[in-house]
$ cat start.tsv   # TSV, C-alpha atoms
chain	number	residue	atom	x	y	z
A	13	ALA	CA	10.78	-10.10	2.27
A	14	GLN	CA	9.60	-6.73	3.42
A	15	LYS	CA	8.11	-6.32	6.85
A	16	VAL	CA	7.17	-3.51	9.19
A	17	THR	CA	6.86	-4.07	12.91
A	18	GLN	CA	5.21	-1.75	15.38
A	19	ALA	CA	5.63	-3.44	18.73
A	20	GLN	CA	3.33	-1.09	20.60
A	21	THR	CA	-0.27	-2.08	20.00
A	22	GLU	CA	-1.87	0.54	22.21
A	23	ILE	CA	-0.50	3.52	24.09
A	24	SER	CA	-2.30	5.84	26.48
A	25	VAL	CA	-0.81	9.11	27.61
A	26	VAL	CA	-2.09	12.10	29.48
A	27	GLU	CA	-2.41	15.30	27.52
A	28	LYS	CA	0.84	17.31	27.25
A	29	GLU	CA	3.01	14.26	27.73
A	30	ASP	CA	5.53	13.33	25.04
A	31	VAL	CA	5.08	9.98	23.33
A	32	THR	CA	7.28	7.97	20.96
A	33	LEU	CA	5.88	5.42	18.53
A	34	ASP	CA	8.35	2.74	17.50
A	35	CYS	CA	8.78	1.30	14.02
A	36	VAL	CA	11.22	-1.35	12.87
A	37	TYR	CA	11.39	-2.47	9.26
A	38	GLU	CA	12.98	-5.22	7.22
A	39	THR	CA	13.95	-5.02	3.57
A	40	ARG	CA	16.65	-6.34	1.28
A	41	ASP	CA	16.47	-3.30	-0.95
A	42	THR	CA	19.19	-0.69	-0.65
A	43	THR	CA	16.83	2.02	-1.78
A	44	TYR	CA	13.45	2.25	-0.15
A	45	TYR	CA	10.99	4.71	1.31
A	46	LEU	CA	9.45	4.93	4.72
A	47	PHE	CA	6.20	6.62	5.63
A	48	TRP	CA	4.02	7.44	8.58
A	49	TYR	CA	0.27	7.68	8.19
A	50	LYS	CA	-2.35	8.65	10.75
A	51	GLN	CA	-5.83	7.13	10.87
A	52	PRO	CA	-8.26	9.13	13.02
A	53	PRO	CA	-11.59	7.62	14.11
A	54	SER	CA	-13.16	8.79	10.85
A	55	GLY	CA	-11.16	6.06	9.10
A	56	GLU	CA	-9.34	8.02	6.39
A	57	LEU	CA	-5.58	7.51	6.49
A	58	VAL	CA	-3.65	10.76	6.33
A	59	PHE	CA	-0.05	11.03	5.17
A	60	LEU	CA	2.38	12.51	7.69
A	61	ILE	CA	5.91	12.05	6.40
A	62	ARG	CA	8.03	10.29	3.80
A	63	ARG	CA	11.74	9.52	4.12
A	64	ASN	CA	14.06	7.82	1.62
A	65	SER	CA	16.73	5.38	2.66
A	66	PHE	CA	19.57	7.76	1.84
A	67	ASP	CA	18.32	10.56	4.01
A	68	GLU	CA	18.97	9.82	7.66
A	69	GLN	CA	18.55	13.38	8.75
A	70	ASN	CA	16.00	13.62	11.52
A	71	GLU	CA	13.07	15.90	10.96
A	72	ILE	CA	10.95	18.11	13.13
A	73	SER	CA	7.62	19.51	12.07
A	74	GLY	CA	5.85	21.41	14.79
A	75	ARG	CA	5.10	18.98	17.60
A	76	TYR	CA	6.08	16.01	15.43
A	77	SER	CA	9.59	14.64	15.00
A	78	TRP	CA	11.01	11.58	13.32
A	79	ASN	CA	14.19	9.65	14.07
A	80	PHE	CA	15.45	7.48	11.20
A	81	GLN	CA	18.32	5.14	12.02
A	82	LYS	CA	19.39	2.88	9.21
A	83	SER	CA	21.82	0.98	11.43
A	84	THR	CA	18.96	-0.32	13.56
A	85	SER	CA	16.31	-0.29	10.79
A	86	SER	CA	14.14	1.99	12.84
A	87	PHE	CA	11.98	4.97	11.98
A	88	ASN	CA	10.48	6.25	15.21
A	89	PHE	CA	7.92	9.00	15.57
A	90	THR	CA	7.65	11.35	18.54
A	91	ILE	CA	4.77	13.64	19.43
A	92	THR	CA	5.73	16.38	21.84
A	93	ALA	CA	3.16	17.85	24.21
A	94	SER	CA	0.43	15.50	23.01
A	95	GLN	CA	-3.11	16.73	22.49
A	96	VAL	CA	-6.45	14.96	22.47
A	97	VAL	CA	-6.64	15.49	18.69
A	98	ASP	CA	-3.58	13.28	18.34
A	99	SER	CA	-5.68	10.28	19.35
A	100	ALA	CA	-5.61	7.98	16.34
A	101	VAL	CA	-4.01	4.87	14.95
A	102	TYR	CA	-0.57	5.52	13.51
A	103	PHE	CA	0.89	3.35	10.78
A	104	CYS	CA	4.48	3.04	9.75
A	105	ALA	CA	4.92	1.87	6.16
A	106	LEU	CA	7.60	0.76	3.71
A	107	SER	CA	7.69	0.99	-0.06
A	108	GLU	CA	9.90	-0.77	-2.55
A	109	SER	CA	12.63	1.01	-4.48
A	110	GLU	CA	12.80	2.37	-7.98
A	111	LYS	CA	13.10	-1.20	-9.26
A	112	THR	CA	9.35	-1.19	-9.42
A	113	SER	CA	7.07	1.34	-10.99
A	114	TYR	CA	3.93	0.38	-9.18
A	115	ASP	CA	2.65	1.49	-5.82
A	116	LYS	CA	2.84	-1.25	-3.24
A	117	VAL	CA	3.14	-0.07	0.31
A	118	ILE	CA	3.58	-2.49	3.18
A	119	PHE	CA	2.00	-1.23	6.37
A	120	GLY	CA	2.84	-2.10	9.94
A	121	PRO	CA	0.08	-3.29	12.27
A	122	GLY	CA	-0.43	0.19	13.66
A	123	THR	CA	-0.21	1.74	17.11
A	124	SER	CA	-3.40	3.04	18.67
A	125	LEU	CA	-2.68	6.21	20.60
A	126	SER	CA	-5.12	7.56	23.14
A	127	VAL	CA	-4.47	10.96	24.62
A	128	ILE	CA	-6.43	11.47	27.80
A	129	PRO	CA	-7.42	15.01	28.76
B	12	LYS	CA	-9.35	19.65	-5.14
B	13	ALA	CA	-11.71	16.78	-4.34
B	14	GLY	CA	-10.25	13.86	-2.42
B	15	VAL	CA	-10.60	10.17	-3.03
B	16	THR	CA	-14.26	9.19	-2.99
B	17	GLN	CA	-15.43	5.72	-2.10
B	18	THR	CA	-18.96	4.41	-2.39
B	19	PRO	CA	-20.86	3.00	-0.68
B	20	ARG	CA	-19.57	3.91	2.76
B	21	TYR	CA	-21.40	1.10	4.53
B	22	LEU	CA	-23.02	-2.05	3.33
B	23	ILE	CA	-24.33	-5.29	4.70
B	24	LYS	CA	-24.38	-8.50	2.70
B	25	THR	CA	-25.02	-12.15	3.43
B	26	ARG	CA	-22.73	-15.08	2.79
B	27	GLY	CA	-22.60	-16.17	-0.81
B	28	GLN	CA	-23.56	-12.80	-2.24
B	29	GLN	CA	-21.24	-10.59	-4.19
B	30	VAL	CA	-20.36	-6.94	-3.75
B	31	THR	CA	-18.93	-4.16	-5.88
B	32	LEU	CA	-17.13	-1.19	-4.37
B	33	SER	CA	-16.30	1.97	-6.22
B	34	CYS	CA	-13.41	4.42	-5.96
B	35	SER	CA	-12.94	7.77	-7.67
B	36	PRO	CA	-9.33	8.95	-7.38
B	37	ILE	CA	-8.06	12.48	-7.11
B	38	SER	CA	-8.26	14.19	-10.47
B	39	GLY	CA	-5.06	13.54	-12.38
B	40	HIS	CA	-4.06	10.51	-10.33
B	41	ARG	CA	-3.69	7.45	-12.52
B	42	SER	CA	-2.70	4.87	-9.93
B	43	VAL	CA	-5.35	3.32	-7.70
B	44	SER	CA	-4.60	0.82	-4.96
B	45	TRP	CA	-6.95	-1.18	-2.78
B	46	TYR	CA	-6.36	-2.33	0.77
B	47	GLN	CA	-8.33	-4.51	3.15
B	48	GLN	CA	-8.25	-3.51	6.80
B	49	THR	CA	-9.31	-5.90	9.55
B	50	PRO	CA	-8.59	-5.90	13.29
B	51	GLY	CA	-6.72	-9.20	13.03
B	52	GLN	CA	-4.71	-8.73	9.83
B	53	GLY	CA	-4.31	-4.96	9.71
B	54	LEU	CA	-3.89	-3.26	6.35
B	55	GLN	CA	-3.32	-5.73	3.57
B	56	PHE	CA	-2.59	-4.85	-0.04
B	57	LEU	CA	-5.16	-6.17	-2.50
B	58	PHE	CA	-4.14	-4.81	-5.90
B	59	GLU	CA	-2.96	-1.78	-7.80
B	60	TYR	CA	-4.14	-0.42	-11.14
B	61	PHE	CA	-2.56	2.03	-13.51
B	62	SER	CA	-3.95	3.03	-16.89
B	63	GLU	CA	-6.59	0.30	-16.73
B	64	THR	CA	-3.96	-2.39	-16.09
B	65	GLN	CA	-3.51	-4.38	-12.92
B	66	ARG	CA	0.19	-4.12	-12.19
B	67	ASN	CA	0.36	-5.93	-8.89
B	68	LYS	CA	-1.80	-8.16	-6.75
B	69	GLY	CA	-1.64	-9.14	-3.13
B	70	ASN	CA	-2.14	-12.57	-1.66
B	71	PHE	CA	-5.91	-12.83	-1.89
B	72	PRO	CA	-8.09	-15.52	-3.48
B	73	GLY	CA	-9.52	-15.12	-6.95
B	74	ARG	CA	-12.86	-14.10	-5.46
B	75	PHE	CA	-11.32	-10.65	-5.14
B	76	SER	CA	-11.06	-8.83	-8.42
B	77	GLY	CA	-10.96	-5.32	-9.69
B	78	ARG	CA	-10.78	-3.11	-12.69
B	79	GLN	CA	-9.97	0.42	-13.67
B	80	PHE	CA	-11.73	2.55	-16.23
B	81	SER	CA	-10.30	5.00	-18.70
B	82	ASN	CA	-11.12	7.89	-16.36
B	83	SER	CA	-9.04	6.17	-13.63
B	84	ARG	CA	-12.07	5.31	-11.56
B	85	SER	CA	-11.77	1.85	-10.12
B	86	GLU	CA	-14.06	-0.86	-8.84
B	87	MET	CA	-13.35	-3.94	-6.82
B	88	ASN	CA	-15.58	-6.95	-6.64
B	89	VAL	CA	-15.78	-9.73	-4.11
B	90	SER	CA	-17.80	-12.76	-5.11
B	91	THR	CA	-19.19	-15.56	-2.95
B	92	LEU	CA	-18.80	-13.54	0.20
B	93	GLU	CA	-17.53	-15.19	3.37
B	94	LEU	CA	-17.82	-14.00	6.94
B	95	GLY	CA	-14.09	-13.29	6.95
B	96	ASP	CA	-14.53	-10.73	4.19
B	97	SER	CA	-16.06	-8.32	6.68
B	98	ALA	CA	-13.63	-5.42	6.69
B	99	LEU	CA	-12.95	-1.83	5.87
B	100	TYR	CA	-11.90	-1.60	2.23
B	101	LEU	CA	-9.70	1.35	1.54
B	102	CYS	CA	-8.88	2.84	-1.80
B	103	ALA	CA	-5.85	5.07	-2.37
B	104	SER	CA	-4.65	7.01	-5.35
B	105	SER	CA	-1.33	8.52	-6.32
B	106	SER	CA	0.17	10.42	-9.18
B	107	ASN	CA	2.72	7.62	-9.54
B	108	LEU	CA	5.35	10.07	-10.67
B	109	TYR	CA	8.09	8.63	-8.48
B	110	SER	CA	8.72	4.91	-8.31
B	111	GLY	CA	8.41	3.66	-4.79
B	112	ALA	CA	8.13	7.12	-3.31
B	113	ASN	CA	4.57	7.97	-4.08
B	114	VAL	CA	2.40	9.33	-1.34
B	115	LEU	CA	-0.94	7.57	-1.20
B	116	THR	CA	-4.08	9.60	-0.68
B	117	PHE	CA	-6.77	7.47	0.89
B	118	GLY	CA	-10.51	7.54	0.77
B	119	ALA	CA	-12.70	7.13	3.85
B	120	GLY	CA	-13.30	3.49	3.02
B	121	SER	CA	-16.23	1.17	2.45
B	122	ARG	CA	-17.16	-0.84	5.51
B	123	LEU	CA	-18.50	-4.24	4.51
B	124	THR	CA	-20.30	-6.47	6.95
B	125	VAL	CA	-21.04	-10.04	5.91
B	126	LEU	CA	-23.76	-11.83	7.87
$ encode --input "start.tsv" --output "structure tokens"
Amino acid sequence: AQKVTQAQTEISVVEKEDVTLDCVYETRDTTYYLFWYKQPPSGELVFLIRRNSFDEQNEISGRYSWNFQKSTSSFNFTITASQVVDSAVYFCALSESEKTSYDKVIFGPGTSLSVIP
Amino acid sequence: KAGVTQTPRYLIKTRGQQVTLSCSPISGHRSVSWYQQTPGQGLQFLFEYFSETQRNKGNFPGRFSGRQFSNSRSEMNVSTLELGDSALYLCASSSNLYSGANVLTFGAGSRLTVL
């Protein structure tokens, strides 16, 4: 069965600190996709990144970076020099492989990040 | 390009009543998914529609139902409301061009309170 675990329920950091959000997933599929979404206080989830299971190259986008390690089934997300606007709930998610044609994304429980000025 | 629109944004119902929530996807998106978000259970998949057909359903009782219209707009209905149905109901659409890899675009949600 598929499962996404985000062990950190809540994190508080002071502005300009770096913070890493952990994500561990379980799947029996060999091909799958991982995502990170951000949910600000307004409630609307916003897509941040997608990674397929064959692409373990880490990615950096501005202050955001992602570390995908298939060997440990982890897909961690780091925010460098955090800002107050980064305060939100962050969800890691997993989607089934090409065996299915429908959209069914399994979300982790989310990590609530508070950046204190 | 307009985003995913959900109506109503907030509503209050009493136990035993029923409710219908509406979702208009991004133009051109044919797949619509529904999720229930609660503090205790997080984001849980309800169902997914594509071309007016329900292709997948989550583990929810039959009181939860939905449909999709020919213009891809979707509605979900919850009958005989229970207190535990209080939640934020999120709708998401995708182009569904890539199996398993589709990025979901979410609406702002409909917050249902059951008294």
$ closest_residue --input "start.tsv" --among "A:Trp78, A:Glu22, A:Thr39, A:Leu57" --to "Gln48 (chain B)" --atoms "all atoms listed in the file"
A:Leu57
$ atom_distance --input "start.tsv" --atom1 "CA of Val97 (chain A)" --atom2 "CA of Val127 (chain A)"
7.8 Å
$ interface_residues --input "start.tsv" --of "chain A" --to "chain B" --cutoff "12 Å" --atoms "only C-alpha atoms" --output "NGL selection string"
:A and (15-18 or 21 or 41 or 43-65 or 101-124)
$ write_last_selection --input "start.tsv" --atoms "C-alpha atoms" --output "compact mmCIF listing (two decimals), keeping the file's coordinate frame"
# COMPACT_ATOMS: atom_id res chain seq x y z
CA LYS A 15 8.11 -6.32 6.85
CA VAL A 16 7.17 -3.51 9.19
CA THR A 17 6.86 -4.07 12.91
CA GLN A 18 5.21 -1.75 15.38
CA THR A 21 -0.27 -2.08 20.00
CA ASP A 41 16.47 -3.30 -0.95
CA THR A 43 16.83 2.02 -1.78
CA TYR A 44 13.45 2.25 -0.15
CA TYR A 45 10.99 4.71 1.31
CA LEU A 46 9.45 4.93 4.72
CA PHE A 47 6.20 6.62 5.63
CA TRP A 48 4.02 7.44 8.58
CA TYR A 49 0.27 7.68 8.19
CA LYS A 50 -2.35 8.65 10.75
CA GLN A 51 -5.83 7.13 10.87
CA PRO A 52 -8.26 9.13 13.02
CA PRO A 53 -11.59 7.62 14.11
CA SER A 54 -13.16 8.79 10.85
CA GLY A 55 -11.16 6.06 9.10
CA GLU A 56 -9.34 8.02 6.39
CA LEU A 57 -5.58 7.51 6.49
CA VAL A 58 -3.65 10.76 6.33
CA PHE A 59 -0.05 11.03 5.17
CA LEU A 60 2.38 12.51 7.69
CA ILE A 61 5.91 12.05 6.40
CA ARG A 62 8.03 10.29 3.80
CA ARG A 63 11.74 9.52 4.12
CA ASN A 64 14.06 7.82 1.62
CA SER A 65 16.73 5.38 2.66
CA VAL A 101 -4.01 4.87 14.95
CA TYR A 102 -0.57 5.52 13.51
CA PHE A 103 0.89 3.35 10.78
CA CYS A 104 4.48 3.04 9.75
CA ALA A 105 4.92 1.87 6.16
CA LEU A 106 7.60 0.76 3.71
CA SER A 107 7.69 0.99 -0.06
CA GLU A 108 9.90 -0.77 -2.55
CA SER A 109 12.63 1.01 -4.48
CA GLU A 110 12.80 2.37 -7.98
CA LYS A 111 13.10 -1.20 -9.26
CA THR A 112 9.35 -1.19 -9.42
CA SER A 113 7.07 1.34 -10.99
CA TYR A 114 3.93 0.38 -9.18
CA ASP A 115 2.65 1.49 -5.82
CA LYS A 116 2.84 -1.25 -3.24
CA VAL A 117 3.14 -0.07 0.31
CA ILE A 118 3.58 -2.49 3.18
CA PHE A 119 2.00 -1.23 6.37
CA GLY A 120 2.84 -2.10 9.94
CA PRO A 121 0.08 -3.29 12.27
CA GLY A 122 -0.43 0.19 13.66
CA THR A 123 -0.21 1.74 17.11
CA SER A 124 -3.40 3.04 18.67
$ atom_distance --input "start.tsv" --atom1 "CA of Phe66 (chain A)" --atom2 "CA of Phe87 (chain A)"
13.0 Å
$ residues_around --input "start.tsv" --residues "region 82-91 of chain B" --least-positions-apart "5" --cutoff "6 Å" --atoms "all atoms listed in the file" --output "MDAnalysis selection string"
chainID B and resid 27:35 41 74:77
$ write_last_selection --input "start.tsv" --atoms "C-alpha atoms" --output "mmCIF file, in the coordinates of the input"
data_model
loop_
_atom_site.group_PDB
_atom_site.id
_atom_site.type_symbol
_atom_site.label_atom_id
_atom_site.label_comp_id
_atom_site.auth_asym_id
_atom_site.auth_seq_id
_atom_site.Cartn_x
_atom_site.Cartn_y
_atom_site.Cartn_z
ATOM 1 C CA GLY B 27 -22.600 -16.170 -0.810
ATOM 2 C CA GLN B 28 -23.560 -12.800 -2.240
ATOM 3 C CA GLN B 29 -21.240 -10.590 -4.190
ATOM 4 C CA VAL B 30 -20.360 -6.940 -3.750
ATOM 5 C CA THR B 31 -18.930 -4.160 -5.880
ATOM 6 C CA LEU B 32 -17.130 -1.190 -4.370
ATOM 7 C CA SER B 33 -16.300 1.970 -6.220
ATOM 8 C CA CYS B 34 -13.410 4.420 -5.960
ATOM 9 C CA SER B 35 -12.940 7.770 -7.670
ATOM 10 C CA ARG B 41 -3.690 7.450 -12.520
ATOM 11 C CA ARG B 74 -12.860 -14.100 -5.460
ATOM 12 C CA PHE B 75 -11.320 -10.650 -5.140
ATOM 13 C CA SER B 76 -11.060 -8.830 -8.420
ATOM 14 C CA GLY B 77 -10.960 -5.320 -9.690
#
$ atom_distance --input "start.tsv" --atom1 "CA of Leu22 (chain B)" --atom2 "CA of Leu92 (chain B)"
12.6 Å
$ residues_around --input "start.tsv" --residues "Leu33 (chain A)" --least-positions-apart "3" --cutoff "7 Å" --atoms "only C-alpha atoms" --output "PyMOL selection string"
chain A and resi 88-90
